[in-house]
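Student: To be precise about what I am sending: the file is called work-v6.txt and holds compact mmCIF, C-alpha atoms.
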```txt
# COMPACT_ATOMS: atom_id res chain seq x y z
CA MET A 517 -10.79 -22.13 6.08
CA CYS A 518 -13.33 -19.88 7.79
CA GLY A 519 -16.16 -21.47 5.88
CA ILE A 520 -16.09 -24.52 8.15
CA ILE A 521 -17.95 -24.03 11.41
CA ARG A 522 -16.52 -25.22 14.72
CA GLN A 523 -19.91 -25.17 16.37
CA SER A 524 -18.85 -26.13 19.89
CA TYR A 525 -16.80 -22.95 20.20
CA LEU A 526 -19.53 -20.78 18.68
CA ASP A 527 -21.99 -22.21 21.20
CA LYS A 528 -19.65 -21.24 24.05
CA ILE A 529 -19.36 -17.70 22.66
CA GLU A 530 -23.12 -17.33 22.23
CA LYS A 531 -23.68 -18.45 25.82
CA TYR A 532 -22.00 -15.31 27.16
CA ILE A 533 -23.36 -12.75 24.69
CA GLY A 534 -25.66 -10.27 26.41
CA LYS A 535 -24.26 -11.10 29.86
CA GLU A 536 -22.16 -7.93 30.26
CA THR A 537 -19.10 -10.17 30.09
CA ILE A 538 -16.07 -9.59 27.91
CA ILE A 539 -15.44 -12.73 25.87
CA VAL A 540 -11.75 -13.52 25.38
CA LEU A 541 -10.70 -16.13 22.82
CA VAL A 542 -7.24 -17.40 23.73
CA GLY A 543 -4.79 -19.86 22.23
CA GLN A 544 -1.66 -20.14 20.13
CA ARG A 545 -1.50 -18.17 16.90
CA ARG A 546 -3.04 -19.95 13.91
CA VAL A 547 -5.32 -22.29 15.86
CA GLY A 548 -8.44 -20.64 14.44
CA LYS A 549 -9.25 -17.72 16.78
CA SER A 550 -9.35 -15.21 13.91
CA CYS A 551 -11.69 -17.37 11.88
CA MET A 552 -13.94 -17.81 14.88
CA LEU A 553 -14.13 -14.05 15.28
CA GLN A 554 -14.81 -13.56 11.56
CA ILE A 555 -17.67 -16.07 11.67
CA VAL A 556 -19.20 -14.24 14.63
CA ARG A 557 -18.77 -10.96 12.74
CA ASP A 558 -20.55 -12.29 9.66
CA GLN A 559 -23.38 -13.80 11.70
CA LYS A 560 -23.99 -10.61 13.65
CA MET A 561 -23.75 -8.40 10.56
CA SER A 562 -26.59 -10.37 8.98
CA ASP A 563 -28.96 -8.78 11.53
CA SER A 564 -29.77 -5.15 10.69
CA GLY A 565 -30.31 -4.44 14.38
CA ASN A 566 -26.62 -4.97 15.07
CA ASN A 567 -23.65 -2.67 14.57
CA VAL A 568 -20.38 -4.55 14.25
CA ILE A 569 -17.04 -2.83 14.84
CA PHE A 570 -14.24 -5.15 13.71
CA ILE A 571 -10.49 -4.71 14.16
CA ASP A 572 -7.82 -7.17 13.00
CA LYS A 573 -4.42 -6.11 14.29
CA GLU A 574 -2.66 -8.47 11.90
CA LYS A 575 -3.98 -6.45 8.93
CA ARG A 576 -2.07 -3.32 7.89
CA GLU A 577 -5.26 -1.29 7.54
CA PHE A 578 -5.41 -1.23 11.35
CA ASP A 579 -1.74 -0.35 11.91
CA ASN A 580 -2.68 3.16 13.03
CA ILE A 581 -4.42 1.74 16.14
CA LYS A 582 -1.39 1.57 18.40
CA ASN A 583 -2.75 2.42 21.86
CA TYR A 584 -5.99 2.73 23.80
CA ASN A 585 -6.49 6.36 22.71
CA ASP A 586 -6.38 5.30 19.06
CA LEU A 587 -8.72 2.43 19.90
CA ASN A 588 -11.19 4.76 21.63
CA ASP A 589 -11.20 7.11 18.64
CA PHE A 590 -11.76 4.25 16.17
CA ILE A 591 -14.65 2.79 18.17
CA GLU A 592 -16.25 6.14 18.96
CA GLU A 593 -16.45 7.07 15.27
CA ARG A 594 -18.37 3.86 14.53
CA PHE A 595 -20.42 3.35 17.71
CA ASP A 596 -24.20 3.45 17.17
CA LYS A 597 -26.32 3.76 20.31
CA SER A 598 -29.48 2.99 18.37
CA LYS A 599 -28.27 -0.57 17.72
CA HIS A 600 -26.71 -3.50 19.55
CA ASN A 601 -22.96 -2.93 19.24
CA PHE A 602 -20.48 -5.76 18.84
CA ILE A 603 -16.85 -4.72 19.33
CA LEU A 604 -14.59 -7.46 17.92
CA ILE A 605 -10.81 -7.11 18.18
CA ASP A 606 -8.35 -9.71 16.87
CA GLU A 607 -4.90 -9.97 18.55
CA VAL A 608 -5.79 -7.26 21.04
CA GLN A 609 -2.47 -7.54 22.90
CA ASP A 610 -0.85 -5.57 20.07
CA ILE A 611 -2.72 -2.45 21.25
CA GLU A 612 -0.96 -0.76 24.17
CA GLY A 613 -3.29 -0.23 27.12
CA PHE A 614 -6.22 -1.93 25.35
CA GLU A 615 -7.75 -2.95 28.68
CA ARG A 616 -8.59 0.68 29.54
CA SER A 617 -10.71 1.02 26.44
CA ILE A 618 -12.31 -2.40 26.95
CA ARG A 619 -13.26 -1.50 30.52
CA SER A 620 -14.94 1.70 29.35
CA TYR A 621 -17.06 0.16 26.59
CA ARG A 622 -18.06 -2.89 28.65
CA THR A 623 -20.41 -0.66 30.66
CA GLU A 624 -22.23 0.65 27.57
CA VAL A 625 -25.83 -0.52 27.14
CA ASN A 626 -26.43 -3.15 24.43
CA THR A 627 -22.74 -3.71 23.85
CA ASP A 628 -20.81 -6.97 23.61
CA ILE A 629 -17.05 -7.21 23.36
CA ILE A 630 -15.17 -10.21 21.97
CA ILE A 631 -11.39 -10.12 21.76
CA THR A 632 -8.68 -12.61 20.84
CA GLY A 633 -5.17 -12.84 22.20
CA SER A 634 -2.05 -14.98 22.05
CA ASN A 635 -0.48 -14.20 25.42
CA ALA A 636 -2.00 -15.81 28.48
CA LYS A 637 -0.27 -13.85 31.22
CA MET A 638 -0.76 -10.42 29.69
CA LEU A 639 -4.44 -10.93 29.01
CA SER A 640 -5.29 -12.42 32.39
CA SER A 641 -3.25 -9.98 34.47
CA ASP A 642 -4.38 -6.84 32.66
CA LEU A 643 -8.05 -7.80 32.53
CA THR A 644 -8.15 -9.05 36.11
CA THR A 645 -6.57 -5.85 37.39
CA LEU A 646 -9.00 -3.51 35.67
CA ILE A 647 -12.28 -5.39 35.34
CA GLY A 648 -12.08 -8.15 37.92
CA GLY A 649 -14.07 -11.23 37.01
CA ARG A 650 -16.15 -9.61 34.28
CA TYR A 651 -14.63 -11.63 31.48
CA LYS A 652 -14.76 -15.20 30.23
CA GLU A 653 -11.84 -16.96 28.57
CA ILE A 654 -12.63 -19.49 25.86
CA TYR A 655 -9.60 -21.61 25.02
CA ILE A 656 -9.32 -22.44 21.31
CA GLN A 657 -7.31 -25.56 20.52
CA PRO A 658 -6.08 -26.97 17.22
CA LEU A 659 -8.46 -29.28 15.38
CA SER A 660 -9.62 -32.44 17.07
CA TYR A 661 -9.39 -35.64 15.05
CA LEU A 662 -13.08 -35.38 14.07
CA GLU A 663 -12.61 -31.74 13.01
CA PHE A 664 -9.49 -32.77 11.07
CA LEU A 665 -11.59 -35.28 9.14
CA GLN A 666 -14.23 -32.62 8.43
CA PHE A 667 -11.74 -29.94 7.36
CA HIS A 668 -9.81 -32.25 5.02
CA LYS A 669 -12.86 -34.17 3.79
CA LEU A 670 -11.51 -37.52 4.99
CA GLN A 671 -13.22 -40.67 6.21
CA ASP A 672 -12.36 -42.12 9.60
CA SER A 673 -9.69 -44.74 8.87
CA GLU A 674 -6.24 -45.89 9.94
CA ASP A 675 -4.76 -43.84 7.10
CA SER A 676 -6.60 -40.70 8.22
CA LEU A 677 -5.45 -41.24 11.80
CA ALA A 678 -1.88 -41.62 10.56
CA LYS A 679 -2.16 -38.27 8.76
CA TYR A 680 -3.54 -36.60 11.87
CA MET A 681 -0.78 -38.06 14.02
CA LYS A 682 1.89 -36.90 11.58
CA TYR A 683 0.66 -33.47 10.55
CA GLY A 684 -1.41 -32.27 13.51
CA GLY A 685 -4.48 -30.09 13.65
CA LEU A 686 -3.64 -26.55 12.63
CA PRO A 687 -6.62 -25.35 10.55
CA GLY A 688 -4.43 -23.58 7.97
CA LEU A 689 -3.32 -26.92 6.59
CA VAL A 690 -6.62 -27.14 4.76
CA LYS A 691 -5.26 -24.51 2.38
CA MET A 692 -1.77 -25.97 2.22
CA GLY A 693 -2.81 -29.58 1.66
CA LEU A 694 -1.24 -32.60 3.32
CA GLU A 695 1.97 -32.86 1.34
CA GLU A 696 4.86 -33.37 3.74
CA ASP A 697 7.20 -30.66 2.46
CA ASP A 698 4.39 -28.08 2.40
CA VAL A 699 3.26 -29.02 5.92
CA ARG A 700 6.77 -28.77 7.33
CA GLU A 701 7.27 -25.37 5.73
CA TYR A 702 3.96 -24.15 7.13
CA HIS A 703 4.85 -25.41 10.62
CA SER A 704 8.24 -23.72 10.43
CA ASP A 705 6.65 -20.41 9.45
CA ILE A 706 4.18 -20.57 12.35
CA TYR A 707 6.90 -21.54 14.79
CA SER A 708 9.00 -18.55 13.70
CA THR A 709 6.03 -16.18 14.02
CA VAL A 710 5.02 -17.36 17.49
CA LEU A 711 8.60 -17.36 18.75
CA LEU A 712 9.38 -13.92 17.32
CA LYS A 713 6.17 -12.03 18.12
CA ASP A 714 5.00 -13.69 21.32
CA VAL A 715 8.28 -14.58 23.00
CA ILE A 716 11.41 -12.88 21.63
CA MET A 717 9.98 -9.41 20.97
CA ARG A 718 7.58 -9.37 23.90
CA HIS A 719 10.19 -10.38 26.45
CA GLU A 720 13.22 -8.85 24.71
CA ILE A 721 15.02 -12.18 24.56
CA ARG A 722 18.73 -11.89 23.84
CA ASN A 723 19.81 -15.51 23.94
CA VAL A 724 17.71 -16.60 20.96
CA ARG A 725 19.97 -19.53 20.21
CA PHE A 726 19.34 -21.04 23.63
CA LEU A 727 15.59 -20.39 23.34
CA GLU A 728 15.46 -22.34 20.07
CA ASN A 729 17.52 -25.16 21.57
CA LEU A 730 15.16 -25.23 24.56
CA VAL A 731 12.09 -25.59 22.33
CA ARG A 732 13.71 -28.46 20.46
CA PHE A 733 14.73 -30.07 23.76
CA LEU A 734 11.11 -29.92 24.95
CA ALA A 735 9.92 -31.34 21.61
CA ASP A 736 12.36 -34.22 21.93
CA ASN A 737 11.32 -34.82 25.55
CA THR A 738 7.54 -34.45 25.19
CA GLY A 739 5.82 -36.33 27.98
CA GLN A 740 9.06 -36.82 29.93
CA LEU A 741 9.68 -35.39 33.40
CA VAL A 742 11.67 -32.19 32.96
CA SER A 743 13.33 -29.91 35.50
CA ALA A 744 15.23 -26.66 35.05
CA ASN A 745 18.24 -28.28 36.73
CA SER A 746 18.29 -31.18 34.26
CA ILE A 747 18.14 -28.75 31.32
CA SER A 748 20.91 -26.64 32.87
CA LYS A 749 23.12 -29.73 33.20
CA PHE A 750 22.37 -30.70 29.60
CA MET A 751 23.33 -27.24 28.38
CA LYS A 752 26.61 -27.42 30.29
CA SER A 753 27.35 -30.66 28.46
CA GLN A 754 26.81 -28.66 25.26
CA LYS A 755 29.36 -26.05 26.44
CA GLU A 756 26.65 -23.47 27.20
CA SER A 757 26.01 -22.16 30.70
CA VAL A 758 22.42 -21.14 31.47
CA THR A 759 20.98 -20.71 34.96
CA SER A 760 17.90 -22.53 36.20
CA THR A 761 16.14 -19.18 36.67
CA VAL A 762 16.61 -18.22 33.02
CA ILE A 763 15.37 -21.65 31.94
CA MET A 764 12.24 -21.37 34.10
CA ASN A 765 11.55 -17.89 32.73
CA TYR A 766 11.92 -19.03 29.11
CA ILE A 767 9.62 -21.99 29.70
CA SER A 768 7.01 -19.70 31.25
CA TYR A 769 7.20 -17.45 28.16
CA LEU A 770 6.55 -20.44 25.90
CA CYS A 771 3.58 -21.42 28.06
CA GLU A 772 2.22 -17.86 27.95
CA ALA A 773 2.41 -17.98 24.15
CA TYR A 774 0.38 -21.24 24.19
CA MET A 775 3.15 -23.11 22.37
CA ILE A 776 3.46 -25.62 25.20
CA LYS A 777 1.42 -26.57 28.25
CA LYS A 778 2.89 -27.48 31.62
CA VAL A 779 1.35 -30.41 33.47
CA ASN A 780 2.02 -30.73 37.19
CA ARG A 781 2.67 -33.99 39.00
CA PHE A 782 0.10 -35.12 41.54
CA ASP A 783 0.65 -37.53 44.43
CA ILE A 784 -2.36 -39.82 44.05
CA HIS A 785 -2.09 -41.30 47.53
CA GLY A 786 -1.04 -38.11 49.32
CA LYS A 787 -3.47 -35.92 47.33
CA ARG A 788 -0.94 -33.11 46.84
CA LEU A 789 0.91 -31.42 44.00
CA PHE A 790 4.67 -31.69 43.58
CA GLU A 791 6.56 -28.46 43.05
CA ASN A 792 9.15 -29.62 40.52
CA ASN A 793 9.76 -32.05 37.66
CA ASP A 794 6.78 -31.28 35.44
CA LYS A 795 5.82 -32.60 32.02
CA PHE A 796 5.29 -30.49 28.92
CA TYR A 797 3.06 -31.10 25.91
CA PHE A 798 2.77 -29.10 22.71
CA GLU A 799 -0.33 -27.20 21.67
CA ASP A 800 -0.14 -28.91 18.29
CA HIS A 801 1.55 -32.29 17.95
CA GLY A 802 2.20 -31.69 14.24
CA LEU A 803 4.26 -28.61 15.04
CA ARG A 804 6.03 -30.66 17.71
CA ASN A 805 6.86 -33.33 15.11
CA THR A 806 8.43 -30.76 12.81
CA LEU A 807 10.53 -29.31 15.63
CA ALA A 808 11.67 -32.73 16.85
CA GLY A 809 12.68 -33.76 13.34
CA GLY A 810 13.14 -37.31 12.16
CA THR A 811 10.25 -39.66 11.55
CA ARG A 812 7.15 -40.12 13.67
CA GLU A 813 7.87 -43.83 14.00
CA ASN A 814 10.91 -43.09 16.15
CA ASP A 815 8.88 -41.52 18.94
CA ILE A 816 5.30 -42.56 18.38
CA GLU A 817 4.72 -42.98 22.14
CA LYS A 818 5.37 -39.26 22.64
CA VAL A 819 3.01 -38.32 19.81
CA ILE A 820 0.21 -40.52 21.16
CA GLU A 821 0.65 -39.11 24.66
CA ASN A 822 0.53 -35.53 23.32
CA ILE A 823 -2.64 -36.28 21.33
CA VAL A 824 -4.35 -37.98 24.28
CA PHE A 825 -3.46 -35.08 26.58
CA GLN A 826 -4.91 -32.46 24.23
CA GLN A 827 -8.07 -34.50 23.69
CA LEU A 828 -8.61 -34.83 27.45
CA VAL A 829 -8.29 -31.04 27.77
CA ARG A 830 -10.70 -30.66 24.85
CA LEU A 831 -13.20 -32.83 26.71
CA GLY A 832 -13.12 -30.43 29.64
CA TYR A 833 -10.74 -32.19 32.02
CA THR A 834 -8.11 -30.61 34.23
CA VAL A 835 -5.15 -32.92 33.67
CA LYS A 836 -2.24 -33.80 35.97
CA VAL A 837 0.47 -36.45 35.95
CA GLY A 838 -0.16 -39.10 38.60
CA LYS A 839 2.63 -40.22 40.97
CA LEU A 840 2.49 -43.54 42.78
CA PRO A 841 5.11 -45.18 45.05
CA SER A 842 5.45 -47.92 42.44
CA GLY A 843 5.41 -45.81 39.30
CA GLU A 844 3.45 -43.22 37.34
CA ILE A 845 0.00 -42.69 35.85
CA ASP A 846 0.14 -40.67 32.64
CA PHE A 847 -2.96 -38.62 33.37
CA VAL A 848 -5.17 -37.95 36.38
CA CYS A 849 -8.19 -36.13 34.94
CA SER A 850 -10.85 -34.26 36.87
CA LYS A 851 -13.88 -32.07 36.19
CA PRO A 852 -15.54 -29.45 38.42
CA ASN A 853 -18.56 -31.76 38.88
CA GLY A 854 -16.37 -34.27 40.72
CA LYS A 855 -15.81 -36.66 37.83
CA LEU A 856 -12.38 -38.30 37.95
CA ILE A 857 -10.67 -40.75 35.59
CA TYR A 858 -7.19 -42.24 35.27
CA VAL A 859 -5.61 -42.69 31.83
CA GLN A 860 -2.52 -44.47 30.53
CA ALA A 861 -1.41 -43.86 26.93
CA SER A 862 0.73 -46.39 25.06
CA TYR A 863 1.53 -47.46 21.51
CA LEU A 864 1.09 -51.24 21.62
CA ILE A 865 0.20 -53.47 24.57
CA ALA A 866 1.79 -56.73 23.46
CA ALA A 867 4.71 -57.71 25.67
CA ASP A 868 3.96 -58.90 29.20
CA GLU A 869 6.26 -56.22 30.58
CA THR A 870 4.30 -53.45 28.86
CA ARG A 871 0.96 -54.90 29.96
CA LYS A 872 2.17 -55.18 33.54
CA ARG A 873 3.39 -51.58 33.53
CA GLU A 874 0.32 -49.96 31.95
CA PHE A 875 -2.38 -52.05 33.62
CA GLY A 876 -0.49 -52.77 36.84
CA ASN A 877 -0.03 -49.13 37.79
CA LEU A 878 -3.72 -48.45 37.26
CA GLY A 879 -4.67 -51.60 39.16
CA SER A 880 -2.69 -50.44 42.18
CA ILE A 881 -5.01 -47.45 42.64
CA LYS A 882 -7.55 -48.60 45.22
CA ASP A 883 -10.58 -46.51 44.38
CA ASN A 884 -13.61 -46.96 42.13
CA TYR A 885 -12.99 -44.18 39.61
CA PRO A 886 -12.83 -45.29 35.93
CA LYS A 887 -9.45 -46.35 34.62
CA TYR A 888 -8.42 -46.48 30.96
CA VAL A 889 -5.52 -47.64 28.82
CA ILE A 890 -5.45 -46.04 25.35
CA SER A 891 -3.31 -47.75 22.71
CA MET A 892 -3.12 -48.60 19.02
CA ASN A 893 -3.40 -52.36 19.39
CA PRO A 894 -4.62 -53.81 16.06
CA LEU A 895 -8.28 -54.94 15.91
CA LEU A 896 -8.99 -53.34 19.28
CA THR A 897 -12.01 -51.08 19.74
CA LYS A 898 -12.77 -51.45 23.45
CA SER A 899 -12.24 -54.24 25.98
CA ASP A 900 -12.09 -54.79 29.73
CA PHE A 901 -9.13 -56.14 31.71
CA ASP A 902 -9.61 -56.56 35.47
CA GLY A 903 -11.93 -53.55 35.59
CA ILE A 904 -9.66 -51.39 33.42
CA THR A 905 -11.02 -50.34 30.03
CA HIS A 906 -8.64 -50.84 27.10
CA ILE A 907 -9.60 -48.59 24.20
CA HIS A 908 -8.12 -47.92 20.75
CA LEU A 909 -6.83 -44.40 20.07
CA ARG A 910 -9.22 -43.97 17.14
CA THR A 911 -12.19 -44.98 19.28
CA PHE A 912 -11.10 -42.58 22.01
CA LEU A 913 -10.73 -39.69 19.56
CA THR A 914 -14.17 -40.25 18.03
CA GLU A 915 -16.13 -40.50 21.28
CA LYS A 916 -17.73 -37.16 22.12
CA ASP A 917 -18.09 -37.93 25.81
CA PHE A 918 -15.51 -39.77 27.83
```
Any chance you could put this one into structure tokens?

Tutor:
Amino acid sequence: MCGIIRQSYLDKIEKYIGKETIIVLVGQRRVGKSCMLQIVRDQKMSDSGNNVIFIDKEKREFDNIKNYNDLNDFIEERFDKSKHNFILIDEVQDIEGFERSIRSYRTEVNTDIIITGSNAKMLSSDLTTLIGGRYKEIYIQPLSYLEFLQFHKLQDSEDSLAKYMKYGGLPGLVKMGLEEDDVREYHSDIYSTVLLKDVIMRHEIRNVRFLENLVRFLADNTGQLVSANSISKFMKSQKESVTSTVIMNYISYLCEAYMIKKVNRFDIHGKRLFENNDKFYFEDHGLRNTLAGGTRENDIEKVIENIVFQQLVRLGYTVKVGKLPSGEIDFVCSKPNGKLIYVQASYLIAADETRKREFGNLGSIKDNYPKYVISMNPLLTKSDFDGITHIHLRTFLTEKDF
């Protein structure tokens, strides 16, 4: 798995080496952060002028590093001031007080620090408190469609796209193979690990049954507007009473563990964010499929929307849900350079009602920013309809700039 290079991420890492900036690789467990760190380790070790200190907290040989004092002792024994030191720590959040040690070694001459973590809030709050802005987060996502093809040695085709849509982009599947039972078992194991280590244990969750029901509810309602009140009412119908506050806390824990991502609603005409009724998408749509159960054909719209969302994020967009007086725009996407696009995601644009909904909502936006409808219409690659670009999902996923 680590033999395949995800060059775009390595380029981002290399950009900040030598800048006195701590590099933090973040993302859900098993999306490839560890492999990225191992590749950097191997590359840097090939230069005799470097000294690489590597710690993998998921390996038992590093179990004795429990807190920042242990971490300081381990690093100090191996630090070489005559060389360029690279301190690489995988799953750093498992070391109590790690940020104190990181802050100390960041100031050493000729020293670069790269760490990985699977908890967004803990990493950002601890690092911000102690070192201010002297760190750079690099968000590692599951495999894109093109990376999926590369990892599994597949050609771009409708069959390959179907596999990607069904099984998702977790890199570990390259070892498991794409047999359905094996994939589902692998997804279930990852789900259990993330839920146990990054949510239940970290936040001392007692109502585990409700947490698991909540995750499955979010999987079943991917891309739908969700509020804590609506979930609370649903739970009451299931003879279980859970407050809105508890629900909001549990959702935030799932977001911190990078299992799901919250997408805010944005009033396109009023140019303001709404404070409730958000949408949620899964980090990996394959894992989402396993949790939702059933067959992909039953909810293909949700899968497509999840895939399009993650690809837009991968392309560097900040993504929000667009609200109009007459309806909704799936995604309002912006970049720091001022670029803005509107995107609708759909399965098939065949019936007049569907065409009116998907194209009509976009057409009601009276500005000149690009507008797209992404679907799986047969024989479609790219076409134009009243100034709105209609593009096939495969074409969208294979374009490197959008």

Student: Pick out the closest residue to A:Lys818 from this set: A:Ser524, A:Ser598, A:Thr645, A:Ser862. Count all atoms listed in the file.

Tutor: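 Answer, going by the shortest atom-to-atom distance: A:Ser862.
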
Student: Could you tell me which of A:Thr759, A:Asn601, A:Thr905, A:Asn737 comes closest to A:Leu878 if we count all atoms listed in the file?

Tutor: A:Thr905

Student: If I take atom CA of A:Leu694 and atom CA of A:Lys679, how far is one from the other in Å, to one decimal?

Tutor: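 Between these atoms lies a distance of 7.9 Å.
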
Student: Quick one: distance from atom CA of A:Met638 to atom CA of A:Phe847 in Å, one decimal?

Tutor: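 Between these atoms lies a distance of 28.5 Å.
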
Student: Find, counting all atoms listed in the file, the residue in A:Ile845, A:Leu864, A:Leu803, A:Ala744 that gets nearest to A:Tyr680.

Tutor: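 Of the candidates, the smallest distance to A:Tyr680 is held by A:Leu803.
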